[in-house]
Amino acid sequence: MAQFSTAATLTGTHSLHSSALDRVQNRTARIGIVGMGYVGLPLALLFSEERFAVTGFDIDPKKVETLNAAGSYIVRIPGTEIAAAQRSGFRATGDFAAVSEMDAVIICVPTPLSEHHEPDLSYIEQTASAIAPFLRAGQLVVLESTTYPGTTEEVLIPLLEAGAAGGLKVVRGDQEGLYVAFSPEREDPGNETVARRDIPKVIGSYGEPAGELAAALYGTIFNTTVPVSSPAAAEMTKLLENIYRCVNIALVNELKQLCQRMDIDLFEVIDAAKTKPFGFQAFYPGPGLGGHCIPIDPFYLSWKAKQFDFRTKFIELAGEVNEAMPQYVIDQTMEALNQRRKPLNGSQVLVLGLSYKRDIDDLRESPSLPIIEMLRARGAMVSYNDPFFAHVGRGRQYDLNMDCTPLTDLGQYDCVLIATDHSEYDYARIVAEAQLVVDTRNATKGIESDKIVRC
Ligand SMILES: NC(=O)c1ccc[n+]([C@@H]2O[C@H](COP(=O)([O-])OP(=O)(O)OC[C@H]3O[C@@H](n4cnc5c(N)ncnc54)[C@H](O)[C@@H]3O)[C@@H](O)[C@H]2O)c1
């Protein structure tokens, strides 16, 4: 693995570099974070905790206004944390001219898929063009958005250099210039078992001085930094991690369907298998894949692979299995109703949980959304309950326009479908009151009832 040189070897040729390092060490470096979303805002708060003055850049004026009023739009981040950050100098803005005041600019903007399932780098491109005119030598720019290997060197750097004033170039050797690196975000929303600081931070820099500066900066908020030899290696590291999850989830989703036919409880099997102290990591089946990462990121690599005349067969197969899971849930629900002499058409179905996973307020790519749409398309009268969403309207891939239904009078529904296993639900009560429970998450584990269909 690559190692960054010590400051002493570099400072002779890079005076701007050594003064940037000094500002990091004495916490006077000003840090700009572009994209105040699920990744950028928590990162801003971590740097603020270390007494850095952080500026959050966002094109959404509502987010800027909320943050400047010490408010929050992410459930797990209370306004008090924003207020505390403000005491270290945190502010939000939509004015990119303030980039010129920063020592480091970290980009955390979305990287979705286009309508045709191809990488949509427009947010990275817009950001690069917006910040470029305000960049100067000695600044560090780090891309954190998940993307295919090559993005930093082939897309970001050319845009930064083309838009920068005075012929500013990214540092390639001993000259002064702009420092650039890629460092993937590894946050796992809702995971309370690992402190953010304890998640090692992978950094792939464009040249050694950039790596040294990025490692110094991230070293203030992460206990371990992991240098790799290039931005592309860091970009690929993030994709490997997410593809590993995607493929393994597809495997257990497929085995779940087989086990159901064989009348074997796959959850029991996984619990037994995970007692093996080596060579096995537990993954759990569900109603499909959700979130901004796992259903999307692997296809960034599939797309890039085509440029190398290569087909990523594991990714495609995993995508096929995972994307078919909502249909499997619908089939199981229809079958369960059928056993009770009820057609899905005209049945009242209550879907529990909209978020893509337990206890978080994020419904991006959530399988609950296609499940609701498919139920409705088959004539079911669908309600939903989710403690995190009072209303669900229209998104990129859905148009629901529904309000949250209170969890009362559960006997009125022909079926209660557990799509997300939020921990605040009382599953024993739900089973006791419901006529039929279709459980896609093993949330009713330990509850014995012939009303439950686990799928
Ligand atoms: N959410 C996660 O758990 C997670 C985990 C790891 C990696 N990632 C990756 O991190 C990146 C960001 O994800 P996120 O979940 O924070 O997205 P998000 O949608 O929550 O936040 C992105 C923010 O960027 C802002 N934005 C968009 N274009 C902008 C521009 N041109 N200039 C300034 N701001 C702009 C948006 O208004 C929004 O506030 C993505 O590449 C994602 O794949 C996310």
# chains A, B, ... in the order shown; residues from 1 in each chain; ligands from 1
>>> residues_near_ligand(ligand="ligand 1", cutoff="7 Å", atoms="only C-alpha atoms and all ligand atoms", output="JSON, numbers by chain")
{"A": [34, 35, 36, 37, 38, 39, 40, 57, 58, 59, 60, 63, 108, 109, 110, 111, 123, 124, 126, 127, 144, 145, 146, 147, 184, 185, 186, 187, 188, 189, 292, 293, 297]}
>>> residues_around(residues="Gln139 (chain A)", least_positions_apart="2", cutoff="6 Å", atoms="only C-alpha atoms", output="PyMOL selection string")
chain A and resi 103-104+137+178
>>> closest_residue(among="A:Pro298, A:Pro387, A:Pro285, A:Pro343", to="Cys455 (chain A)", atoms="only C-alpha atoms")
A:Pro285
>>> atom_distance(atom1="CA of Ile418 (chain A)", atom2="CA of Ile243 (chain A)")
26.3 Å
>>> select_by_dssp(residues="region 138-337 of chain A", states="helix (DSSP H, G or I)", output="MDAnalysis selection string")
chainID A and resid 151:163 165:167 196:198 208:219 231:262 266:273 297:306 313:323 325:337
>>> residues_around(residues="Leu266 (chain A)", least_positions_apart="6", cutoff="9 Å", atoms="only C-alpha atoms", output="list in words")
Val252, Leu255, Lys256, Cys259, Gln260, Tyr284 and Pro285 of chain A
>>> residues_around(residues="region 67-83 of chain A", least_positions_apart="6", cutoff="10 Å", atoms="only C-alpha atoms", output="ChimeraX atom specification")
/A:36-38,41-42,44-45,48-49,56,61,89-93,189-190,359-362,388
>>> closest_residue(among="A:Tyr398, A:Tyr179, A:Phe52, A:Tyr300", to="Thr28 (chain A)", atoms="only C-alpha atoms")
A:Phe52
>>> atom_distance(atom1="CA of Ala195 (chain A)", atom2="CA of Gly353 (chain A)")
25.9 Å
>>> closest_residue(among="A:Gly346, A:Gln339, A:Glu50, A:His117", to="Glu316 (chain A)", atoms="only C-alpha atoms")
A:His117
>>> closest_residue(among="A:Glu161, A:Asp439, A:Asp174, A:Asp198", to="Val416 (chain A)", atoms="only C-alpha atoms")
A:Asp439
>>> residues_around(residues="Phe222 (chain A)", least_positions_apart="6", cutoff="7 Å", atoms="only C-alpha atoms", output="PyMOL selection string")
chain A and resi 197-201
>>> select_by_dssp(residues="region 90-327 of chain A", states="strand (DSSP E or B)", output="list in words")
Arg91, Ala92, Thr93, Ala104, Val105, Ile106, Ile107, Leu113, Pro119, Leu140, Val141, Val142, Leu143, Val170, Leu178, Tyr179, Val180, Ala181, Phe182, Lys201, Val202, Ile203, Gly204, Ser205, Thr225, Val226, Pro227 and Val228 of chain A
>>> write_last_selection(atoms="N, CA, C and O atoms", output="mmCIF file, in the first residue's frame")
data_model
loop_
_atom_site.group_PDB
_atom_site.id
_atom_site.type_symbol
_atom_site.label_atom_id
_atom_site.label_comp_id
_atom_site.auth_asym_id
_atom_site.auth_seq_id
_atom_site.Cartn_x
_atom_site.Cartn_y
_atom_site.Cartn_z
ATOM 1 N N ARG A 91 -21.177 27.819 8.984
ATOM 2 C CA ARG A 91 -22.247 28.562 8.323
ATOM 3 C C ARG A 91 -22.525 27.865 7.001
ATOM 4 O O ARG A 91 -21.699 27.086 6.508
ATOM 5 N N ALA A 92 -23.692 28.158 6.444
ATOM 6 C CA ALA A 92 -24.046 27.566 5.145
ATOM 7 C C ALA A 92 -24.255 28.688 4.143
ATOM 8 O O ALA A 92 -24.655 29.798 4.513
ATOM 9 N N THR A 93 -23.986 28.378 2.882
ATOM 10 C CA THR A 93 -24.149 29.389 1.846
ATOM 11 C C THR A 93 -24.379 28.733 0.479
ATOM 12 O O THR A 93 -24.000 27.581 0.254
ATOM 13 N N ALA A 104 -9.513 23.906 2.192
ATOM 14 C CA ALA A 104 -9.870 22.606 1.625
ATOM 15 C C ALA A 104 -11.337 22.635 1.218
ATOM 16 O O ALA A 104 -12.160 23.236 1.896
ATOM 17 N N VAL A 105 -11.644 21.991 0.098
ATOM 18 C CA VAL A 105 -13.026 21.907 -0.387
ATOM 19 C C VAL A 105 -13.334 20.431 -0.608
ATOM 20 O O VAL A 105 -12.636 19.746 -1.365
ATOM 21 N N ILE A 106 -14.349 19.943 0.081
ATOM 22 C CA ILE A 106 -14.689 18.519 -0.005
ATOM 23 C C ILE A 106 -16.054 18.390 -0.686
ATOM 24 O O ILE A 106 -17.027 19.015 -0.263
ATOM 25 N N ILE A 107 -16.101 17.585 -1.735
ATOM 26 C CA ILE A 107 -17.322 17.514 -2.564
ATOM 27 C C ILE A 107 -18.130 16.259 -2.200
ATOM 28 O O ILE A 107 -17.641 15.135 -2.319
ATOM 29 N N LEU A 113 -28.154 7.381 -10.903
ATOM 30 C CA LEU A 113 -28.144 6.804 -12.249
ATOM 31 C C LEU A 113 -29.108 7.600 -13.119
ATOM 32 O O LEU A 113 -30.117 8.118 -12.626
ATOM 33 N N PRO A 119 -24.262 6.230 -15.276
ATOM 34 C CA PRO A 119 -23.826 7.214 -14.280
ATOM 35 C C PRO A 119 -24.270 8.619 -14.663
ATOM 36 O O PRO A 119 -24.125 9.024 -15.817
ATOM 37 N N LEU A 140 -6.746 22.363 -1.236
ATOM 38 C CA LEU A 140 -6.960 20.930 -1.436
ATOM 39 C C LEU A 140 -8.415 20.714 -1.840
ATOM 40 O O LEU A 140 -9.325 21.233 -1.189
ATOM 41 N N VAL A 141 -8.642 19.961 -2.922
ATOM 42 C CA VAL A 141 -10.003 19.587 -3.320
ATOM 43 C C VAL A 141 -10.113 18.070 -3.214
ATOM 44 O O VAL A 141 -9.287 17.346 -3.771
ATOM 45 N N VAL A 142 -11.120 17.604 -2.458
ATOM 46 C CA VAL A 142 -11.315 16.158 -2.313
ATOM 47 C C VAL A 142 -12.715 15.801 -2.788
ATOM 48 O O VAL A 142 -13.694 16.427 -2.375
ATOM 49 N N LEU A 143 -12.799 14.798 -3.641
ATOM 50 C CA LEU A 143 -14.096 14.277 -4.062
ATOM 51 C C LEU A 143 -14.450 13.097 -3.166
ATOM 52 O O LEU A 143 -13.640 12.182 -2.991
ATOM 53 N N VAL A 170 -3.417 21.418 -11.398
ATOM 54 C CA VAL A 170 -3.326 20.464 -10.300
ATOM 55 C C VAL A 170 -1.874 20.033 -10.155
ATOM 56 O O VAL A 170 -1.193 19.803 -11.160
ATOM 57 N N LEU A 178 -2.840 23.227 -7.295
ATOM 58 C CA LEU A 178 -4.009 22.734 -6.563
ATOM 59 C C LEU A 178 -3.764 21.273 -6.189
ATOM 60 O O LEU A 178 -3.258 20.499 -7.002
ATOM 61 N N TYR A 179 -4.152 20.898 -4.967
ATOM 62 C CA TYR A 179 -3.997 19.509 -4.542
ATOM 63 C C TYR A 179 -5.346 18.797 -4.680
ATOM 64 O O TYR A 179 -6.372 19.351 -4.273
ATOM 65 N N VAL A 180 -5.341 17.596 -5.234
ATOM 66 C CA VAL A 180 -6.604 16.890 -5.477
ATOM 67 C C VAL A 180 -6.505 15.439 -4.987
ATOM 68 O O VAL A 180 -5.483 14.778 -5.164
ATOM 69 N N ALA A 181 -7.586 14.984 -4.370
ATOM 70 C CA ALA A 181 -7.635 13.581 -3.916
ATOM 71 C C ALA A 181 -9.067 13.072 -4.013
ATOM 72 O O ALA A 181 -10.018 13.851 -4.138
ATOM 73 N N PHE A 182 -9.190 11.742 -3.943
ATOM 74 C CA PHE A 182 -10.507 11.119 -3.820
ATOM 75 C C PHE A 182 -10.509 10.335 -2.513
ATOM 76 O O PHE A 182 -9.557 9.607 -2.211
ATOM 77 N N LYS A 201 -10.338 5.853 6.974
ATOM 78 C CA LYS A 201 -10.627 6.723 5.828
ATOM 79 C C LYS A 201 -9.620 6.441 4.722
ATOM 80 O O LYS A 201 -8.409 6.692 4.864
ATOM 81 N N VAL A 202 -10.111 5.906 3.623
ATOM 82 C CA VAL A 202 -9.255 5.587 2.467
ATOM 83 C C VAL A 202 -9.026 6.869 1.658
ATOM 84 O O VAL A 202 -9.966 7.628 1.409
ATOM 85 N N ILE A 203 -7.771 7.088 1.256
ATOM 86 C CA ILE A 203 -7.451 8.301 0.486
ATOM 87 C C ILE A 203 -6.577 7.919 -0.706
ATOM 88 O O ILE A 203 -5.535 7.286 -0.546
ATOM 89 N N GLY A 204 -7.019 8.318 -1.878
ATOM 90 C CA GLY A 204 -6.197 8.134 -3.078
ATOM 91 C C GLY A 204 -5.935 9.503 -3.665
ATOM 92 O O GLY A 204 -6.867 10.188 -4.083
ATOM 93 N N SER A 205 -4.696 9.914 -3.677
ATOM 94 C CA SER A 205 -4.428 11.303 -4.068
ATOM 95 C C SER A 205 -3.786 11.378 -5.441
ATOM 96 O O SER A 205 -3.213 10.401 -5.942
ATOM 97 N N THR A 225 -6.141 6.666 8.743
ATOM 98 C CA THR A 225 -6.272 6.956 7.315
ATOM 99 C C THR A 225 -5.530 5.857 6.549
ATOM 100 O O THR A 225 -4.503 5.347 7.002
ATOM 101 N N VAL A 226 -6.080 5.498 5.404
ATOM 102 C CA VAL A 226 -5.530 4.386 4.615
ATOM 103 C C VAL A 226 -5.165 4.916 3.238
ATOM 104 O O VAL A 226 -6.036 5.110 2.392
ATOM 105 N N PRO A 227 -3.884 5.179 3.002
ATOM 106 C CA PRO A 227 -3.520 5.697 1.681
ATOM 107 C C PRO A 227 -3.515 4.593 0.636
ATOM 108 O O PRO A 227 -3.078 3.480 0.904
ATOM 109 N N VAL A 228 -4.028 4.901 -0.545
ATOM 110 C CA VAL A 228 -3.853 4.002 -1.691
ATOM 111 C C VAL A 228 -3.158 4.800 -2.790
ATOM 112 O O VAL A 228 -3.029 6.028 -2.698
#
>>> atom_distance(atom1="CA of Val329 (chain A)", atom2="CA of Gln397 (chain A)")
18.8 Å
>>> closest_residue(among="A:Met236, A:Met334, A:Ala434, A:Ala250", to="Lys304 (chain A)", atoms="only C-alpha atoms")
A:Met236
>>> closest_residue(among="A:Ser114, A:Thr55, A:Ser15, A:Thr193", to="Gly94 (chain A)", atoms="only C-alpha atoms")
A:Thr55
